[in-house]
$ cat upload04.txt   # compact mmCIF, N, CA and C atoms and all ligand atoms
# COMPACT_ATOMS: atom_id res chain seq x y z
N MET A 1 56.51 37.85 -21.61
CA MET A 1 57.78 37.46 -21.04
C MET A 1 58.55 36.65 -22.09
N SER A 2 59.84 36.97 -22.24
CA SER A 2 60.63 36.20 -23.20
C SER A 2 61.79 35.53 -22.48
N TYR A 3 62.27 34.46 -23.04
CA TYR A 3 63.37 33.70 -22.46
C TYR A 3 64.51 33.65 -23.45
N ASP A 4 65.73 33.93 -22.98
CA ASP A 4 66.87 33.77 -23.86
C ASP A 4 67.37 32.33 -23.77
N ARG A 5 68.31 32.00 -24.63
CA ARG A 5 68.82 30.63 -24.72
C ARG A 5 69.43 30.19 -23.39
N ARG A 6 70.15 31.08 -22.70
CA ARG A 6 70.80 30.72 -21.44
C ARG A 6 69.76 30.38 -20.36
N THR A 7 68.67 31.14 -20.33
CA THR A 7 67.61 30.86 -19.36
C THR A 7 67.00 29.48 -19.62
N VAL A 8 66.76 29.19 -20.89
CA VAL A 8 66.16 27.89 -21.24
C VAL A 8 67.11 26.76 -20.85
N LEU A 9 68.41 26.91 -21.15
CA LEU A 9 69.37 25.86 -20.82
C LEU A 9 69.49 25.67 -19.31
N LEU A 10 69.52 26.79 -18.56
CA LEU A 10 69.61 26.69 -17.11
C LEU A 10 68.38 25.99 -16.55
N THR A 11 67.22 26.35 -17.06
CA THR A 11 65.98 25.72 -16.59
C THR A 11 66.00 24.23 -16.88
N ALA A 12 66.45 23.86 -18.08
CA ALA A 12 66.51 22.44 -18.44
C ALA A 12 67.49 21.70 -17.54
N SER A 13 68.63 22.32 -17.21
CA SER A 13 69.61 21.68 -16.33
C SER A 13 69.04 21.47 -14.94
N LEU A 14 68.36 22.50 -14.42
CA LEU A 14 67.75 22.38 -13.09
C LEU A 14 66.68 21.30 -13.08
N ALA A 15 65.91 21.22 -14.14
CA ALA A 15 64.86 20.20 -14.21
C ALA A 15 65.50 18.81 -14.22
N ALA A 16 66.58 18.64 -14.98
CA ALA A 16 67.26 17.34 -15.03
C ALA A 16 67.84 16.99 -13.67
N ALA A 17 68.41 17.98 -12.97
CA ALA A 17 68.96 17.73 -11.64
C ALA A 17 67.85 17.33 -10.69
N ALA A 18 66.70 17.98 -10.79
CA ALA A 18 65.58 17.65 -9.90
C ALA A 18 65.10 16.23 -10.15
N VAL A 19 65.06 15.82 -11.42
CA VAL A 19 64.66 14.45 -11.73
C VAL A 19 65.67 13.49 -11.13
N GLY A 20 66.96 13.82 -11.22
CA GLY A 20 67.98 12.95 -10.66
C GLY A 20 67.84 12.83 -9.16
N LEU A 21 67.62 13.96 -8.47
CA LEU A 21 67.42 13.91 -7.02
C LEU A 21 66.18 13.12 -6.68
N GLY A 22 65.14 13.34 -7.47
CA GLY A 22 63.90 12.63 -7.21
C GLY A 22 64.08 11.13 -7.28
N SER A 23 64.85 10.67 -8.25
CA SER A 23 65.03 9.22 -8.36
C SER A 23 65.85 8.67 -7.22
N CYS A 24 66.79 9.47 -6.67
CA CYS A 24 67.58 9.01 -5.53
C CYS A 24 66.71 8.88 -4.29
N ARG A 25 65.70 9.69 -4.20
CA ARG A 25 64.88 9.70 -3.00
C ARG A 25 63.56 8.98 -3.20
N SER A 26 63.42 8.27 -4.28
CA SER A 26 62.16 7.61 -4.51
C SER A 26 61.98 6.49 -3.51
N GLY A 27 60.80 5.97 -3.45
CA GLY A 27 60.48 4.92 -2.50
C GLY A 27 61.28 3.66 -2.77
N PRO A 28 61.13 2.68 -1.89
CA PRO A 28 61.90 1.46 -2.05
C PRO A 28 61.54 0.76 -3.36
N ASP A 29 62.57 0.23 -4.00
CA ASP A 29 62.37 -0.47 -5.26
C ASP A 29 62.35 -1.98 -5.06
N GLY A 30 62.31 -2.39 -3.82
CA GLY A 30 62.36 -3.82 -3.53
C GLY A 30 63.74 -4.18 -3.04
N PRO A 31 63.90 -5.42 -2.60
CA PRO A 31 65.18 -5.83 -2.06
C PRO A 31 66.32 -5.70 -3.07
N ASP A 32 67.49 -5.38 -2.56
CA ASP A 32 68.68 -5.28 -3.39
C ASP A 32 69.15 -6.69 -3.72
N PRO A 33 69.13 -7.07 -5.00
CA PRO A 33 69.50 -8.44 -5.35
C PRO A 33 70.96 -8.75 -5.05
N ASP A 34 71.78 -7.71 -4.84
CA ASP A 34 73.20 -7.93 -4.55
C ASP A 34 73.48 -8.01 -3.05
N ALA A 35 72.48 -7.78 -2.22
CA ALA A 35 72.70 -7.81 -0.77
C ALA A 35 73.03 -9.25 -0.35
N ALA A 36 74.06 -9.37 0.46
CA ALA A 36 74.52 -10.69 0.88
C ALA A 36 73.59 -11.24 1.96
N PRO A 37 73.41 -12.57 1.98
CA PRO A 37 72.63 -13.16 3.06
C PRO A 37 73.30 -12.93 4.41
N ALA A 38 72.50 -12.94 5.45
CA ALA A 38 73.03 -12.78 6.80
C ALA A 38 72.29 -13.74 7.71
N THR A 39 72.95 -14.18 8.76
CA THR A 39 72.30 -15.03 9.74
C THR A 39 72.46 -14.42 11.12
N VAL A 40 71.50 -14.73 11.98
CA VAL A 40 71.54 -14.26 13.36
C VAL A 40 70.79 -15.29 14.21
N SER A 41 71.22 -15.43 15.44
CA SER A 41 70.54 -16.35 16.34
C SER A 41 69.23 -15.74 16.81
N LEU A 42 68.17 -16.56 16.83
CA LEU A 42 66.85 -16.06 17.22
C LEU A 42 66.87 -15.44 18.60
N ASP A 43 67.67 -15.99 19.52
CA ASP A 43 67.64 -15.46 20.89
C ASP A 43 68.29 -14.08 21.02
N GLU A 44 68.90 -13.58 19.95
CA GLU A 44 69.44 -12.22 19.98
C GLU A 44 68.38 -11.17 19.63
N ILE A 45 67.23 -11.64 19.15
CA ILE A 45 66.18 -10.72 18.72
C ILE A 45 65.07 -10.72 19.76
N PRO A 46 64.85 -9.60 20.44
CA PRO A 46 63.82 -9.59 21.47
C PRO A 46 62.42 -9.79 20.88
N VAL A 47 61.59 -10.57 21.59
CA VAL A 47 60.19 -10.71 21.17
C VAL A 47 59.50 -9.35 21.36
N GLY A 48 58.82 -8.91 20.32
CA GLY A 48 58.19 -7.58 20.35
C GLY A 48 59.18 -6.47 20.05
N GLY A 49 60.36 -6.84 19.56
CA GLY A 49 61.38 -5.84 19.25
C GLY A 49 62.16 -6.25 18.02
N ALA A 50 63.35 -5.73 17.91
CA ALA A 50 64.17 -5.98 16.72
C ALA A 50 65.64 -5.78 17.05
N LEU A 51 66.46 -6.20 16.13
CA LEU A 51 67.91 -6.07 16.26
C LEU A 51 68.46 -5.44 14.98
N ILE A 52 69.26 -4.41 15.13
CA ILE A 52 69.99 -3.85 13.98
C ILE A 52 71.27 -4.66 13.87
N LEU A 53 71.43 -5.38 12.77
CA LEU A 53 72.61 -6.22 12.63
C LEU A 53 73.85 -5.34 12.51
N PRO A 54 74.91 -5.66 13.27
CA PRO A 54 76.09 -4.80 13.27
C PRO A 54 76.95 -4.94 12.02
N ASP A 55 76.85 -6.07 11.32
CA ASP A 55 77.75 -6.31 10.21
C ASP A 55 77.03 -6.68 8.92
N ALA A 56 75.76 -6.32 8.83
CA ALA A 56 74.98 -6.55 7.60
C ALA A 56 73.91 -5.46 7.52
N PRO A 57 73.46 -5.13 6.33
CA PRO A 57 72.56 -3.96 6.18
C PRO A 57 71.09 -4.26 6.46
N TYR A 58 70.83 -4.96 7.56
CA TYR A 58 69.46 -5.37 7.86
C TYR A 58 69.07 -5.07 9.30
N VAL A 59 67.77 -4.94 9.48
CA VAL A 59 67.15 -4.96 10.80
C VAL A 59 66.27 -6.21 10.81
N VAL A 60 66.42 -7.04 11.86
CA VAL A 60 65.61 -8.25 11.96
C VAL A 60 64.69 -8.10 13.17
N SER A 61 63.40 -8.33 12.96
CA SER A 61 62.45 -8.17 14.05
C SER A 61 61.79 -9.50 14.38
N GLN A 62 61.22 -9.54 15.58
CA GLN A 62 60.46 -10.71 16.03
C GLN A 62 59.18 -10.17 16.70
N PRO A 63 58.20 -9.79 15.87
CA PRO A 63 56.98 -9.19 16.41
C PRO A 63 56.29 -10.08 17.45
N THR A 64 56.22 -11.38 17.16
CA THR A 64 55.71 -12.35 18.13
C THR A 64 56.70 -13.50 18.16
N ALA A 65 56.66 -14.29 19.22
CA ALA A 65 57.64 -15.36 19.39
C ALA A 65 57.69 -16.27 18.16
N GLY A 66 58.87 -16.39 17.57
CA GLY A 66 59.07 -17.28 16.44
C GLY A 66 58.70 -16.69 15.09
N GLU A 67 58.16 -15.49 15.07
CA GLU A 67 57.82 -14.81 13.81
C GLU A 67 58.95 -13.83 13.51
N VAL A 68 59.62 -13.99 12.37
CA VAL A 68 60.76 -13.12 12.07
C VAL A 68 60.52 -12.35 10.77
N LYS A 69 61.00 -11.11 10.78
CA LYS A 69 60.88 -10.26 9.60
C LYS A 69 62.19 -9.49 9.45
N ALA A 70 62.47 -9.09 8.22
CA ALA A 70 63.72 -8.36 7.97
C ALA A 70 63.46 -7.16 7.07
N PHE A 71 64.22 -6.13 7.34
CA PHE A 71 64.10 -4.86 6.61
C PHE A 71 65.49 -4.32 6.31
N THR A 72 65.55 -3.43 5.34
CA THR A 72 66.79 -2.71 5.12
C THR A 72 67.10 -1.86 6.36
N ASN A 73 68.37 -1.55 6.55
CA ASN A 73 68.72 -0.65 7.66
C ASN A 73 68.81 0.80 7.20
N LEU A 74 68.42 1.06 5.95
CA LEU A 74 68.50 2.43 5.43
C LEU A 74 67.14 3.11 5.49
N CYS A 75 67.10 4.22 6.18
CA CYS A 75 65.89 5.03 6.30
C CYS A 75 65.46 5.49 4.90
N THR A 76 64.17 5.51 4.68
CA THR A 76 63.66 5.92 3.37
C THR A 76 63.55 7.44 3.23
N HIS A 77 63.86 8.18 4.27
CA HIS A 77 63.80 9.64 4.17
C HIS A 77 64.99 10.17 3.38
N GLN A 78 66.18 10.12 3.98
CA GLN A 78 67.39 10.56 3.27
C GLN A 78 68.50 9.54 3.38
N HIS A 79 68.11 8.30 3.65
CA HIS A 79 68.99 7.14 3.58
C HIS A 79 70.08 7.07 4.65
N CYS A 80 69.87 7.69 5.80
CA CYS A 80 70.74 7.42 6.95
C CYS A 80 70.51 5.98 7.38
N PRO A 81 71.53 5.33 7.92
CA PRO A 81 71.26 4.04 8.56
C PRO A 81 70.39 4.27 9.79
N VAL A 82 69.44 3.39 10.03
CA VAL A 82 68.62 3.55 11.22
C VAL A 82 69.51 3.42 12.45
N SER A 83 69.08 4.04 13.56
CA SER A 83 69.96 4.25 14.71
C SER A 83 69.74 3.28 15.85
N ARG A 84 68.47 2.97 16.12
CA ARG A 84 68.19 2.21 17.33
C ARG A 84 66.79 1.64 17.26
N ILE A 85 66.52 0.75 18.22
CA ILE A 85 65.18 0.18 18.38
C ILE A 85 64.61 0.76 19.66
N ASP A 86 63.38 1.25 19.59
CA ASP A 86 62.70 1.79 20.76
C ASP A 86 61.36 1.07 20.89
N GLY A 87 61.30 0.06 21.73
CA GLY A 87 60.09 -0.74 21.84
C GLY A 87 59.80 -1.44 20.53
N ALA A 88 58.65 -1.12 19.93
CA ALA A 88 58.27 -1.73 18.67
C ALA A 88 58.55 -0.82 17.48
N ASP A 89 59.41 0.18 17.69
CA ASP A 89 59.76 1.10 16.61
C ASP A 89 61.23 0.98 16.22
N ILE A 90 61.48 1.05 14.93
CA ILE A 90 62.82 1.17 14.39
C ILE A 90 63.03 2.67 14.17
N VAL A 91 64.06 3.24 14.79
CA VAL A 91 64.19 4.69 14.84
C VAL A 91 65.39 5.16 14.01
N CYS A 92 65.15 6.21 13.23
CA CYS A 92 66.24 6.89 12.55
C CYS A 92 66.42 8.25 13.24
N ASP A 93 67.55 8.43 13.89
CA ASP A 93 67.77 9.66 14.64
C ASP A 93 68.23 10.82 13.76
N CYS A 94 68.46 10.58 12.48
CA CYS A 94 68.86 11.71 11.62
C CYS A 94 67.81 12.81 11.67
N HIS A 95 66.53 12.42 11.50
CA HIS A 95 65.46 13.42 11.53
C HIS A 95 64.25 12.93 12.29
N GLY A 96 64.36 11.78 12.95
CA GLY A 96 63.29 11.34 13.84
C GLY A 96 62.26 10.39 13.26
N SER A 97 62.49 9.85 12.08
CA SER A 97 61.51 8.91 11.53
C SER A 97 61.47 7.63 12.35
N ARG A 98 60.30 7.04 12.39
CA ARG A 98 60.11 5.76 13.09
C ARG A 98 59.34 4.81 12.18
N PHE A 99 59.72 3.54 12.26
CA PHE A 99 59.11 2.50 11.43
C PHE A 99 58.68 1.34 12.31
N SER A 100 57.62 0.68 11.90
CA SER A 100 57.08 -0.44 12.67
C SER A 100 57.94 -1.69 12.50
N ILE A 101 58.15 -2.42 13.61
CA ILE A 101 58.85 -3.71 13.50
C ILE A 101 57.97 -4.76 12.85
N ASP A 102 56.66 -4.50 12.77
CA ASP A 102 55.73 -5.49 12.19
C ASP A 102 55.87 -5.59 10.68
N ASP A 103 55.96 -4.42 10.03
CA ASP A 103 55.95 -4.44 8.57
C ASP A 103 56.82 -3.34 7.93
N GLY A 104 57.57 -2.62 8.74
CA GLY A 104 58.43 -1.56 8.21
C GLY A 104 57.69 -0.30 7.84
N SER A 105 56.40 -0.25 8.11
CA SER A 105 55.62 0.95 7.76
C SER A 105 56.04 2.14 8.60
N VAL A 106 55.74 3.32 8.08
CA VAL A 106 56.10 4.55 8.78
C VAL A 106 55.17 4.75 9.97
N VAL A 107 55.76 4.91 11.15
CA VAL A 107 55.00 5.23 12.36
C VAL A 107 55.02 6.74 12.57
N ASN A 108 56.16 7.34 12.22
CA ASN A 108 56.32 8.79 12.39
C ASN A 108 57.29 9.29 11.33
N GLY A 109 56.94 10.40 10.66
CA GLY A 109 57.78 10.99 9.62
C GLY A 109 58.97 11.72 10.19
N PRO A 110 59.73 12.35 9.32
CA PRO A 110 59.38 12.79 7.97
C PRO A 110 59.40 11.72 6.88
N ALA A 111 59.91 10.53 7.12
CA ALA A 111 59.87 9.50 6.07
C ALA A 111 58.41 9.27 5.69
N SER A 112 58.20 8.99 4.41
CA SER A 112 56.83 8.71 3.95
C SER A 112 56.69 7.34 3.33
N GLU A 113 57.82 6.65 3.12
CA GLU A 113 57.80 5.32 2.51
C GLU A 113 58.26 4.29 3.53
N PRO A 114 57.71 3.08 3.47
CA PRO A 114 58.12 2.04 4.42
C PRO A 114 59.54 1.55 4.13
N LEU A 115 60.13 0.90 5.12
CA LEU A 115 61.42 0.25 4.90
C LEU A 115 61.23 -0.91 3.93
N THR A 116 62.20 -1.12 3.07
CA THR A 116 62.17 -2.26 2.17
C THR A 116 62.26 -3.54 2.99
N THR A 117 61.43 -4.50 2.65
CA THR A 117 61.46 -5.78 3.37
C THR A 117 62.35 -6.78 2.63
N TYR A 118 62.90 -7.71 3.38
CA TYR A 118 63.70 -8.81 2.83
C TYR A 118 63.12 -10.11 3.34
N PRO A 119 63.29 -11.18 2.58
CA PRO A 119 62.83 -12.48 3.08
C PRO A 119 63.64 -12.87 4.32
N ALA A 120 62.94 -13.37 5.31
CA ALA A 120 63.59 -13.88 6.52
C ALA A 120 62.99 -15.25 6.82
N SER A 121 63.85 -16.21 7.15
CA SER A 121 63.35 -17.54 7.46
C SER A 121 64.01 -18.04 8.74
N LEU A 122 63.32 -18.93 9.40
CA LEU A 122 63.79 -19.48 10.67
C LEU A 122 64.02 -20.98 10.50
N ASP A 123 65.22 -21.43 10.81
CA ASP A 123 65.57 -22.85 10.76
C ASP A 123 66.21 -23.19 12.10
N GLY A 124 65.44 -23.86 12.94
CA GLY A 124 65.91 -24.10 14.30
C GLY A 124 65.97 -22.78 15.04
N ASP A 125 67.17 -22.42 15.51
CA ASP A 125 67.33 -21.15 16.21
C ASP A 125 68.04 -20.11 15.34
N THR A 126 68.22 -20.42 14.08
CA THR A 126 68.94 -19.51 13.19
C THR A 126 68.01 -18.80 12.23
N VAL A 127 68.12 -17.48 12.21
CA VAL A 127 67.35 -16.67 11.26
C VAL A 127 68.26 -16.34 10.09
N THR A 128 67.77 -16.58 8.90
CA THR A 128 68.52 -16.23 7.69
C THR A 128 67.75 -15.16 6.94
N VAL A 129 68.47 -14.12 6.56
CA VAL A 129 67.88 -13.02 5.79
C VAL A 129 68.40 -13.09 4.37
N ASN A 130 67.47 -12.93 3.43
CA ASN A 130 67.77 -12.83 2.00
C ASN A 130 68.02 -14.16 1.33
S1 LIG A 201 67.22 10.14 7.05
FE1 LIG A 201 66.02 9.08 8.51
S2 LIG A 201 64.67 10.58 9.27
FE2 LIG A 201 65.79 11.62 7.76
$ encode --input "upload04.txt" --output "structure tokens" --more "lines below"
Ligand code: FES
Amino acid sequence: MSYDRRTVLLTASLAAAAVGLGSCRSGPDGPDPDAAPATVSLDEIPVGGALILPDAPYVVSQPTAGEVKAFTNLCTHQHCPVSRIDGADIVCDCHGSRFSIDDGSVVNGPASEPLTTYPASLDGDTVTVN
């Protein structure tokens, strides 16, 4: 089998495009250092559940009373914003992925990577993310 110059160039272009797509869909690289801090009142977050913040790119959970955790609101599958909370699951309705409110781990695919976590702290009744 022989390859002409055009075949080689096309193959190289496709390979470069695949690498580019792969990097866009790679797993979480850690918290975005440019993400702005956000605050929310603890009583807005159900115990054993979570809240998708309406005006910041985070989901804040309270797995047990007074324990707070924060995650990105972007699904790790194809980066749709997560849609809703269903019990102890953070749900992305784009393709049905579910993530745990405990640690952002995948409960149900097609996502294969956990949600990126952010620092969350509790001061009185105020939760601060990032
Ligand atoms: S983008 Fe979330 S399941 Fe596909």
$ residues_near_ligand --input "upload04.txt" --ligand "ligand LIG 201 (chain A)" --cutoff "7 Å" --atoms "only C-alpha atoms and all ligand atoms" --output "short mmCIF file (atom, residue, chain, number, x, y, z; two decimals) with N, CA and C atoms, in the frame of the given file"
data_model
loop_
_atom_site.label_atom_id
_atom_site.label_comp_id
_atom_site.auth_asym_id
_atom_site.auth_seq_id
_atom_site.Cartn_x
_atom_site.Cartn_y
_atom_site.Cartn_z
N CYS A 75 67.10 4.22 6.18
CA CYS A 75 65.89 5.03 6.30
C CYS A 75 65.46 5.49 4.90
N THR A 76 64.17 5.51 4.68
CA THR A 76 63.66 5.92 3.37
C THR A 76 63.55 7.44 3.23
N HIS A 77 63.86 8.18 4.27
CA HIS A 77 63.80 9.64 4.17
C HIS A 77 64.99 10.17 3.38
N GLN A 78 66.18 10.12 3.98
CA GLN A 78 67.39 10.56 3.27
C GLN A 78 68.50 9.54 3.38
N HIS A 79 68.11 8.30 3.65
CA HIS A 79 68.99 7.14 3.58
C HIS A 79 70.08 7.07 4.65
N CYS A 80 69.87 7.69 5.80
CA CYS A 80 70.74 7.42 6.95
C CYS A 80 70.51 5.98 7.38
N VAL A 82 69.44 3.39 10.03
CA VAL A 82 68.62 3.55 11.22
C VAL A 82 69.51 3.42 12.45
N CYS A 92 65.15 6.21 13.23
CA CYS A 92 66.24 6.89 12.55
C CYS A 92 66.42 8.25 13.24
N ASP A 93 67.55 8.43 13.89
CA ASP A 93 67.77 9.66 14.64
C ASP A 93 68.23 10.82 13.76
N CYS A 94 68.46 10.58 12.48
CA CYS A 94 68.86 11.71 11.62
C CYS A 94 67.81 12.81 11.67
N HIS A 95 66.53 12.42 11.50
CA HIS A 95 65.46 13.42 11.53
C HIS A 95 64.25 12.93 12.29
N GLY A 96 64.36 11.78 12.95
CA GLY A 96 63.29 11.34 13.84
C GLY A 96 62.26 10.39 13.26
N SER A 97 62.49 9.85 12.08
CA SER A 97 61.51 8.91 11.53
C SER A 97 61.47 7.63 12.35
N GLY A 109 56.94 10.40 10.66
CA GLY A 109 57.78 10.99 9.62
C GLY A 109 58.97 11.72 10.19
N PRO A 110 59.73 12.35 9.32
CA PRO A 110 59.38 12.79 7.97
C PRO A 110 59.40 11.72 6.88
N ALA A 111 59.91 10.53 7.12
CA ALA A 111 59.87 9.50 6.07
C ALA A 111 58.41 9.27 5.69
#
$ closest_residue --input "upload04.txt" --among "A:Pro119, A:Pro63, A:Pro81, A:Pro54" --to "A:Asp102" --atoms "only C-alpha atoms"
A:Pro63
$ atom_distance --input "upload04.txt" --atom1 "atom CA of A:Ala56" --atom2 "atom CA of A:Leu122"
17.4 Å
$ atom_distance --input "upload04.txt" --atom1 "atom C of A:Pro46" --atom2 "atom CA of A:Phe71"
15.2 Å
$ atom_distance --input "upload04.txt" --atom1 "atom CA of A:Val106" --atom2 "atom CA of A:Val91"
10.1 Å
$ select_by_dssp --input "upload04.txt" --residues "stretch 15-125 of chain A" --states "alpha helix (DSSP H)" --output "list in words"
Ala15, Ala16, Ala17, Ala18, Val19, Gly20, Leu21, Gly22, Ser23 and Cys24 of chain A
